[in-house]
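Participant: To be precise about what I am sending: the file is called start_24.txt and holds compact mmCIF, C-alpha atoms.
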```txt
# COMPACT_ATOMS: atom_id res chain seq x y z
CA MET A 70 85.56 144.83 209.11
CA ARG A 71 88.84 143.21 210.03
CA VAL A 72 91.21 142.55 207.19
CA GLY A 73 94.07 140.20 207.83
CA ASN A 74 97.34 140.21 205.97
CA ASP A 75 98.43 136.62 206.49
CA PRO A 76 98.06 134.15 203.59
CA GLU A 77 95.81 131.80 205.59
CA TRP A 78 93.25 134.56 206.19
CA ASP A 79 93.19 135.22 202.44
CA SER A 80 92.23 131.67 201.65
CA LYS A 81 89.68 131.21 204.45
CA SER A 82 87.71 134.42 204.73
CA PRO A 83 84.78 134.95 202.34
CA MET A 84 85.51 138.70 202.43
CA ALA A 85 89.01 138.09 201.05
CA GLY A 86 87.60 136.81 197.79
CA LEU A 87 85.31 139.82 197.51
CA LEU A 88 88.18 142.23 198.15
CA LYS A 89 90.31 140.49 195.55
CA LEU A 90 87.53 140.72 193.00
CA GLN A 91 86.99 144.41 193.75
CA THR A 92 90.69 145.17 193.44
CA GLU A 93 90.88 143.38 190.11
CA PHE A 94 87.77 145.19 188.92
CA TYR A 95 89.16 148.65 189.73
CA THR A 96 92.55 147.80 188.20
CA ARG A 97 90.85 146.69 185.00
CA LEU A 98 88.59 149.74 185.03
CA THR A 99 91.61 152.06 185.25
CA GLU A 100 93.38 150.24 182.41
CA GLU A 101 90.33 150.34 180.16
CA THR A 102 89.70 154.02 180.94
CA LEU A 103 93.28 154.87 180.01
CA LYS A 104 92.96 152.84 176.83
CA TYR A 105 89.73 154.62 175.94
CA LEU A 106 91.27 158.06 176.59
CA ARG A 107 94.23 157.06 174.41
CA HIS A 108 91.87 156.19 171.55
CA ILE A 109 90.02 159.49 171.99
CA GLN A 110 93.35 161.35 171.92
CA ALA A 111 94.49 159.46 168.80
CA ALA A 112 91.25 160.21 166.99
CA SER A 113 91.86 163.92 167.37
CA LEU A 114 95.43 163.81 166.06
CA PRO A 115 96.04 165.04 162.52
CA SER A 116 97.32 162.50 160.05
CA THR A 117 100.93 162.63 158.90
CA PRO A 118 101.46 161.68 155.26
CA GLY A 119 104.05 158.93 155.14
CA THR A 120 106.13 156.82 152.81
CA VAL A 121 106.33 153.08 152.37
CA LEU A 122 108.99 151.01 150.74
CA LEU A 123 107.79 148.71 147.98
CA PRO A 124 110.39 146.05 147.20
CA ARG A 125 109.87 143.35 144.61
CA GLU A 126 108.66 140.11 146.17
CA GLY A 127 111.51 137.91 147.30
CA LEU A 128 114.15 140.57 146.73
CA GLN A 129 117.49 139.69 148.29
CA LEU A 130 120.85 141.38 147.78
CA GLU A 131 123.67 138.88 147.42
CA THR A 132 127.40 139.32 147.17
CA SER A 133 130.53 137.41 148.11
CA GLY A 134 134.16 138.05 148.94
CA ALA A 135 137.23 136.87 150.79
CA PRO A 136 138.31 138.04 154.26
CA GLY A 137 140.28 141.26 154.04
CA ASP A 138 138.55 142.35 150.86
CA SER A 139 135.62 144.63 150.35
CA VAL A 140 132.25 143.72 148.92
CA GLU A 141 129.72 146.09 147.42
CA LEU A 142 125.94 146.17 147.62
CA GLN A 143 123.90 148.19 145.16
CA LEU A 144 120.26 149.10 145.21
CA GLU A 145 118.28 151.45 143.02
CA ILE A 146 115.67 153.58 144.71
CA GLU A 147 112.91 155.27 142.78
CA ASN A 148 110.76 157.98 144.32
CA ARG A 149 107.19 157.52 143.01
CA GLN A 150 105.79 160.26 145.23
CA ARG A 151 104.84 163.77 144.18
CA VAL A 152 107.26 165.46 146.58
CA HIS A 153 110.86 164.97 147.69
CA CYS A 154 111.77 162.12 149.99
CA VAL A 155 114.77 161.51 152.24
CA VAL A 156 116.19 157.99 152.37
CA THR A 157 118.57 156.95 155.13
CA PRO A 158 120.04 153.46 154.64
CA MET A 159 121.26 151.39 157.57
CA LEU A 160 122.43 147.81 157.86
CA SER A 161 121.43 145.34 160.51
CA PRO A 162 124.08 143.13 162.16
CA PHE A 163 124.85 140.03 160.07
CA VAL A 164 124.47 136.56 161.53
CA HIS A 165 126.30 133.38 160.49
CA ALA A 166 124.70 129.93 160.66
CA SER A 167 127.07 129.11 163.54
CA GLY A 168 125.66 132.02 165.54
CA ALA A 169 128.60 134.36 164.96
CA THR A 170 127.49 137.98 164.56
CA TRP A 171 129.29 140.47 162.35
CA PHE A 172 128.82 144.20 162.81
CA PRO A 173 129.90 145.50 159.38
CA ASN A 174 131.75 148.79 159.19
CA ALA A 175 129.94 149.84 156.03
CA VAL A 176 130.91 152.85 153.95
CA HIS A 177 127.91 154.35 152.20
CA GLN A 178 125.95 157.49 151.48
CA THR A 179 124.50 158.78 154.69
CA SER A 180 121.22 160.03 153.21
CA LEU A 181 119.71 160.53 149.78
CA LEU A 182 117.32 163.33 148.93
CA LEU A 183 115.23 162.10 146.02
CA ALA A 184 113.12 164.40 143.88
CA PRO A 185 109.80 163.12 142.49
CA GLU A 186 110.37 160.43 139.84
CA GLN A 187 114.10 160.48 140.53
CA ILE A 188 116.04 157.22 140.56
CA ASP A 189 119.30 156.99 142.46
CA THR A 190 121.62 154.12 143.20
CA LEU A 191 122.62 153.36 146.73
CA ARG A 192 126.12 151.86 147.00
CA MET A 193 127.48 150.29 150.15
CA GLN A 194 131.06 149.11 150.57
CA LEU A 195 131.53 146.48 153.25
CA PRO A 196 135.10 145.57 154.23
CA LEU A 197 135.24 141.93 155.34
CA PRO A 198 137.36 141.51 158.50
CA SER A 199 140.40 139.26 158.12
CA GLY A 200 139.30 136.77 160.80
CA ILE A 201 135.72 136.36 159.65
CA PRO A 202 134.55 132.71 159.35
CA GLU A 203 133.69 131.22 156.01
CA GLY A 204 130.02 130.87 155.07
CA VAL A 205 126.92 132.92 154.52
CA PHE A 206 126.15 135.93 156.71
CA ARG A 207 122.55 137.06 156.63
CA GLY A 208 121.25 140.47 157.56
CA ALA A 209 119.03 143.23 156.26
CA LEU A 210 119.23 146.64 154.67
CA LEU A 211 116.85 148.94 156.49
CA LEU A 212 115.68 152.24 155.10
CA GLN A 213 115.14 154.14 158.31
CA GLY A 214 111.63 155.36 158.99
CA PHE A 215 109.91 153.15 156.44
CA ARG A 216 109.34 150.51 159.13
CA GLU A 217 108.33 147.32 157.34
CA ASN A 218 109.82 145.73 154.28
CA ALA A 219 113.51 145.53 155.09
CA ILE A 220 115.59 144.17 152.23
CA LEU A 221 117.31 140.85 152.92
CA VAL A 222 121.06 140.71 152.37
CA ALA A 223 123.24 137.59 152.10
CA ILE A 224 127.02 137.91 152.04
CA THR A 225 129.05 134.78 151.30
CA VAL A 226 132.54 134.71 152.73
CA THR A 227 134.89 132.46 150.79
CA HIS A 228 138.52 131.72 151.53
CA ALA A 229 139.41 131.51 147.84
CA GLN A 230 142.84 132.78 146.78
CA ALA A 231 141.38 134.71 143.86
CA PRO A 232 140.55 138.36 144.47
CA ALA A 233 137.07 139.01 145.75
CA ALA A 234 134.56 139.18 142.99
CA VAL A 235 131.70 141.54 143.39
CA LYS A 236 128.64 139.73 142.18
CA ALA A 237 125.72 141.54 140.85
CA PRO A 238 122.99 141.61 143.43
CA THR A 239 120.32 139.19 142.34
CA ALA A 240 116.68 139.02 142.99
CA ARG A 241 115.52 135.76 144.50
CA LYS A 242 112.63 134.23 142.64
CA PRO A 243 109.41 134.12 144.60
CA ARG A 244 108.45 130.67 145.77
CA ALA A 245 105.98 128.84 143.65
CA PRO A 246 102.82 127.65 145.34
CA LYS A 247 103.15 124.19 146.87
CA ASN A 248 100.63 122.67 144.49
CA SER A 249 102.59 123.65 141.41
CA ARG A 250 105.86 122.07 142.62
CA LYS A 251 106.89 118.89 140.91
CA LYS A 252 108.69 116.16 142.76
CA GLY A 253 112.44 116.32 142.31
CA VAL A 254 112.33 119.63 140.50
CA LYS A 255 113.75 122.65 142.27
CA PRO A 256 111.35 125.58 142.39
CA MET B 133 124.61 144.03 135.57
CA THR B 134 121.09 144.75 136.69
CA VAL B 135 120.70 146.52 139.97
CA PRO B 136 117.51 145.65 141.85
CA ARG B 137 115.12 148.50 142.38
CA VAL B 138 112.74 149.43 145.17
CA LEU B 139 110.00 152.01 145.02
CA LEU B 140 109.03 154.69 147.48
CA VAL B 141 105.27 155.17 147.39
CA ASP B 142 102.59 156.88 149.42
CA SER B 143 101.30 155.04 152.44
CA ALA B 144 97.96 153.44 151.65
CA GLU B 145 96.58 154.20 155.10
CA GLY B 146 96.83 157.99 155.11
CA PRO B 147 96.64 160.82 152.62
CA GLY B 148 99.27 160.86 149.86
CA ARG B 149 102.24 163.20 150.07
CA THR B 150 101.32 166.28 148.08
CA THR B 151 101.99 169.95 148.70
CA ALA B 152 98.45 170.44 149.99
CA THR B 153 98.54 167.51 152.43
CA LEU B 154 101.99 168.45 153.72
CA VAL B 155 100.92 172.05 154.34
CA ALA B 156 97.67 170.88 155.93
CA SER B 157 99.55 168.49 158.22
CA LEU B 158 101.96 171.21 159.31
CA ALA B 159 99.14 173.66 159.96
CA ALA B 160 97.16 171.06 161.91
CA ARG B 161 100.18 170.27 164.07
CA LEU B 162 100.66 173.93 164.90
CA SER B 163 96.99 174.51 165.64
CA LEU B 164 96.85 171.42 167.86
CA LEU B 165 99.49 172.96 170.13
CA HIS B 166 96.89 175.55 171.20
CA VAL B 167 94.53 172.91 172.56
CA ILE B 168 96.85 170.46 174.31
CA SER B 169 99.05 170.98 177.32
CA GLY B 170 102.80 171.38 177.11
CA ALA B 171 103.17 168.18 179.11
CA ASP B 172 101.14 166.22 176.56
CA ALA B 173 103.12 167.68 173.65
CA ALA B 174 106.48 166.97 175.31
CA ALA B 175 105.45 163.42 176.27
CA SER B 176 104.34 162.71 172.70
CA VAL B 177 107.62 163.96 171.28
CA ILE B 178 109.67 161.96 173.82
CA ALA B 179 107.63 158.86 172.97
CA GLY B 180 108.22 159.58 169.27
CA TYR B 181 112.00 159.77 169.72
CA ALA B 182 111.90 156.54 171.73
CA ALA B 183 109.91 154.79 169.00
CA LEU B 184 112.52 155.88 166.46
CA GLY B 185 115.26 154.74 168.84
CA ARG B 186 113.71 151.27 169.11
CA GLU B 187 113.74 151.03 165.33
CA VAL B 188 117.34 152.24 165.07
CA SER B 189 118.42 149.75 167.77
CA GLN B 190 117.89 147.00 165.19
CA THR B 191 120.62 148.39 162.96
CA GLU B 192 124.33 147.68 163.26
CA GLU B 193 125.27 151.25 164.19
CA GLY B 194 122.31 151.70 166.49
CA ALA B 195 122.91 148.42 168.33
CA ARG B 196 126.57 149.28 168.98
CA LEU B 197 125.67 152.78 170.13
CA ARG B 198 122.94 151.51 172.40
CA ALA B 199 125.24 148.92 173.98
CA ALA B 200 127.87 151.61 174.58
CA ILE B 201 125.33 153.95 176.19
CA GLU B 202 124.01 151.21 178.46
CA LYS B 203 127.49 150.19 179.60
CA GLY B 204 128.75 153.63 180.54
CA ARG B 205 127.96 156.17 183.22
CA PRO B 206 125.62 158.21 180.97
CA GLY B 207 123.39 155.18 180.71
CA CYS B 208 123.28 154.64 184.50
CA ASN B 209 122.68 158.31 185.24
CA GLY B 210 120.07 158.56 182.52
CA GLU B 211 118.21 155.53 183.87
CA ALA B 212 118.38 156.96 187.40
CA LEU B 213 116.90 160.28 186.25
CA TRP B 214 114.34 158.47 184.14
CA ALA B 215 113.17 156.44 187.14
CA ALA B 216 113.31 159.19 189.78
CA LEU B 217 111.39 161.70 187.68
CA HIS B 218 108.98 159.03 186.30
CA ILE B 219 109.71 160.19 182.76
CA GLY B 220 109.31 156.71 181.35
CA GLU B 221 105.86 156.16 182.89
CA TRP B 222 104.74 159.62 181.84
CA ALA B 223 105.90 159.27 178.22
CA SER B 224 104.79 155.64 177.88
CA ASN B 225 101.14 156.69 178.13
CA ALA B 226 101.51 159.29 175.37
CA ILE B 227 100.90 158.65 171.70
CA PRO B 228 104.25 158.79 169.92
CA THR B 229 104.70 161.61 167.43
CA PRO B 230 105.98 160.38 164.04
CA VAL B 231 109.00 162.68 164.32
CA LEU B 232 110.88 161.37 161.29
CA ASP B 233 107.86 161.51 158.97
CA GLN B 234 107.17 165.05 160.11
CA LEU B 235 110.78 166.11 159.52
CA ARG B 236 110.78 164.57 156.04
CA ASN B 237 107.48 166.24 155.21
CA ASP B 238 108.76 169.61 156.39
CA VAL B 239 111.91 169.19 154.28
CA ALA B 240 109.82 168.23 151.25
CA VAL B 241 107.52 171.23 151.58
CA LEU B 242 110.56 173.52 151.36
CA LEU B 243 111.37 172.08 147.94
CA VAL B 244 107.98 172.08 146.23
CA ASP B 245 107.37 174.38 143.28
CA ASP B 246 103.67 175.04 143.89
CA LEU B 247 103.72 176.36 147.44
CA GLU B 248 102.36 179.85 146.76
CA PRO B 249 99.16 178.74 144.98
CA THR B 250 98.66 176.12 147.69
CA LEU B 251 98.98 178.67 150.47
CA GLU B 252 96.31 180.77 148.76
CA THR B 253 93.83 177.95 149.24
CA MET B 254 94.38 177.80 153.00
CA PRO B 255 92.91 176.64 155.29
CA ILE B 256 93.18 173.10 153.99
CA PRO B 257 91.47 170.47 156.16
CA CYS B 258 93.71 167.75 157.52
CA PRO B 259 92.03 164.39 158.06
CA PRO B 260 92.49 162.70 161.43
CA THR B 261 94.81 159.75 161.81
CA PRO B 262 93.19 156.85 159.92
CA HIS B 263 94.33 154.18 162.38
CA GLY B 264 94.06 153.92 166.14
CA PRO B 265 96.94 154.57 168.49
CA PRO B 266 99.86 152.14 168.42
CA GLU B 267 100.10 149.66 171.25
CA PRO B 268 101.60 151.33 174.33
CA ALA B 269 105.32 150.68 174.50
CA LYS B 270 107.69 151.30 177.37
CA VAL B 271 109.71 154.45 176.78
CA ALA B 272 113.25 153.60 177.90
CA PHE B 273 116.07 156.10 178.28
CA PRO B 274 118.50 154.48 175.77
CA ASP B 275 115.73 154.35 173.13
CA TYR B 276 115.01 158.03 173.63
CA LEU B 277 118.70 158.96 173.37
CA LEU B 278 119.16 156.81 170.26
CA GLY B 279 116.07 158.31 168.65
CA MET B 280 117.38 161.81 169.31
CA TRP B 281 120.68 160.82 167.71
CA ALA B 282 119.05 159.38 164.59
CA PHE B 283 116.70 162.33 164.28
CA SER B 284 119.52 164.86 164.69
CA LEU B 285 121.68 163.11 162.08
CA GLU B 286 118.86 163.20 159.58
CA LEU B 287 118.09 166.82 160.42
CA VAL B 288 121.70 167.89 159.79
CA ARG B 289 121.92 165.90 156.55
CA SER B 290 118.60 167.26 155.34
CA ILE B 291 119.60 170.87 155.92
CA GLU B 292 122.92 170.24 154.18
CA SER B 293 121.05 168.67 151.23
CA LEU B 294 118.73 171.66 151.05
CA ALA B 295 121.65 174.07 150.94
CA ALA B 296 123.90 171.96 148.70
CA PRO B 297 122.73 173.25 145.27
CA THR B 298 123.54 176.87 146.11
CA LEU B 299 126.30 176.40 148.67
CA THR B 300 129.59 178.13 147.91
CA SER B 301 132.68 176.06 148.50
CA SER B 302 134.67 176.73 151.62
CA GLY B 303 137.72 178.98 151.08
CA ALA B 304 136.26 180.68 147.99
CA PHE B 305 136.68 184.41 147.48
CA THR B 306 134.53 186.86 145.56
CA GLU B 307 135.77 189.42 143.06
CA ALA B 308 135.38 193.14 143.77
CA ALA B 309 132.00 194.34 142.55
CA GLY B 310 133.20 196.58 139.69
CA THR B 311 134.31 200.17 139.38
CA GLU B 312 131.96 201.53 142.00
CA GLN B 313 134.32 200.16 144.61
CA ALA B 314 137.20 202.20 143.25
CA GLY B 315 137.67 205.65 144.75
CA PRO B 316 140.13 207.82 146.61
CA LEU B 317 139.30 206.18 149.94
CA LEU B 318 140.03 202.69 148.62
CA ARG B 319 143.48 203.37 147.18
```
Starting from the file, lay out its structure as structure tokens.
Facilitator:
Amino acid sequence: MRVGNDPEWDSKSPMAGLLKLQTEFYTRLTEETLKYLRHIQAASLPSTPGTVLLPREGLQLETSGAPGDSVELQLEIENRQRVHCVVTPMLSPFVHASGATWFPNAVHQTSLLLAPEQIDTLRMQLPLPSGIPEGVFRGALLLQGFRENAILVAITVTHAQAPAAVKAPTARKPRAPKNSRKKGVKP
Amino acid sequence: MTVPRVLLVDSAEGPGRTTATLVASLAARLSLLHVISGADAAASVIAGYAALGREVSQTEEGARLRAAIEKGRPGCNGEALWAALHIGEWASNAIPTPVLDQLRNDVAVLLVDDLEPTLETMPIPCPPTPHGPPEPAKVAFPDYLLGMWAFSLELVRSIESLAAPTLTSSGAFTEAAGTEQAGPLLR
């Protein structure tokens, strides 16, 4: 059988369509076989006990300060597991509403080793650069390895003359269901 | 001032973190090495480091480090090696090992107070992974390097934390061990 390699032959010959279908079939067959083998391999792997982070719903750390000052974030971590757990905090870059991104040079504990039922406080000092624009910078506190449930962080930069006040981190109230909201009343 | 609190709890998907499950997981990992090839084991570990690297890339420190690696010669050379030796394709088909969870579990098992009675009950069955394999993800060189960095940092910190309670301070000296040391040869 003669197989042409010009585009016109592809569109005219009835064999071209058959070849295309066969190629697609074998490609799909290979993909599905690999996927199946992957599932078989995964089924034989032993499980690895893991840890998840359980923050309160709507939790957000908030603080504010002036450029050149330092702001502090605090978070208590309680280990509810029956064995020790290592916690490694890391911050995401912070983004301003204007699109400006701030990579904070945070000073904090590198890792915490928490015994069962132990509660420890994580403290993070964030020096605000002198040229940082005014407004709210939003980012997240990630506890490495716990995947989901990053903790939202909002840092308000104010150009007030008064020294930077370190506000207590507050927990944002969870949103009320739409049906329960009254007109003109903030949730 | 109330500091918000988060909880660390057992993952609902797998077995909880107890001495028995941690020992069983470690034993299952070791026994699995006898039935898989070295290539499979290495590919899984590389994929595991890359998965950790992808997670760390979302953090401020990780993003800066990744950008620096990609800009410099190490990044170019690494990518060239990665492509020429098909490491990325090879590792992308493997199921990533949860390297950080395994490290944390191994650290925790060194600190438990009921290890001896648990070891007497060996062998302890380890259930297979409760969920299927994660979606295949491309294993890129910078992700792998970043994962290795994050893993190594946590490894060093964990070992330091393990040793901290009984670590003597640097520059300390010890007193002579009593009169037995005194004698004509030590005058």
Participant: Restricting the calculation to only C-alpha atoms, which member of A:Ser116, A:Thr132, A:Thr102, A:Thr179 is positioned closest to chain B?
Facilitator: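 Of A:Ser116, A:Thr132, A:Thr102, A:Thr179, the one nearest chain B is A:Ser116, counting only C-alpha atoms.
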Participant: Tell me which of A:Ala111, A:Gly208, A:Ala223, A:Glu141 sits closest to chain B, counting all atoms listed in the file.
Facilitator: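 Of the candidates, the smallest distance to chain B is held by A:Ala111.
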Participant: One decimal, in Å: what's the spacing between atom CA of A:Asn148 and atom CA of B:Leu140?
Facilitator: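 One can read the atom CA of A:Asn148 to atom CA of B:Leu140 distance as 4.9 Å.
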Participant: Please list as a list of chain:residue names every residue within 7 Å of A:Pro185, counting all atoms listed in the file and excluding residues in the same chain fewer than 4 positions away.
Facilitator: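 The residues satisfying every condition are A:Asn148, A:Arg149, A:Gln150, A:Arg151, A:Val152, A:His153.
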Participant: Write the residues you've just listed into a file as a compact mmCIF listing (two decimals), in the frame of the given file, and include C-alpha atoms for each of them.
Facilitator:
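So out38.txt came out as:
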```
# COMPACT_ATOMS: atom_id res chain seq x y z
CA ASN A 148 110.76 157.98 144.32
CA ARG A 149 107.19 157.52 143.01
CA GLN A 150 105.79 160.26 145.23
CA ARG A 151 104.84 163.77 144.18
CA VAL A 152 107.26 165.46 146.58
CA HIS A 153 110.86 164.97 147.69
```
Participant: Could you list, as a ChimeraX atom specification, every residue within 9 Å of stretch 252-255 of chain B, counting all atoms listed in the file and ignoring same-chain residues fewer than 2 positions away?
Facilitator: /B:152,155-156,159,247-250,257
Participant: Find the residues of chain B in contact range of chain A, meaning any atom within 8 Å when counting only C-alpha atoms, and list them as a count of residues only.
Facilitator: 55
Participant: My list of candidates is A:Thr227, A:Gln187, A:Thr92, A:Asn218. Which is closest to A:Glu126 when distances are computed with only C-alpha atoms?
Facilitator: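 Closest to A:Glu126, using only C-alpha atoms: A:Asn218.
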Participant: Between atom CA of B:Ile178 and atom CA of B:Asp275, measure the distance and give it in Å to one decimal.
Facilitator: 9.8 Å
Participant: Please measure the separation of atom CA of B:Thr298 and atom CA of B:Trp281, giving the value in Å to one decimal.
Facilitator: 27.1 Å
Participant: Choose the residue, out of B:Arg186, B:His218, B:Arg196, B:His263, that has the smallest atom-to-atom separation from B:Met280; count only C-alpha atoms.
Facilitator: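 Looking only at the distances to B:Met280, the closest residue turns out to be B:Arg186.
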Participant: Restricting the calculation to all atoms listed in the file, which member of B:Glu292, B:Tyr181, B:Ser189, B:Pro274 is positioned closest to B:Gly204?
Facilitator: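 Smallest separation from B:Gly204 among the options: B:Pro274.
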Participant: Compare B:Ala200, B:Asp245, B:Glu267, B:Phe273 by their minimum atom-to-atom distance to B:Ala212, counting all atoms listed in the file, and give me the closest one.
Facilitator: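 With all atoms listed in the file as the atom set, the closest residue is B:Phe273.
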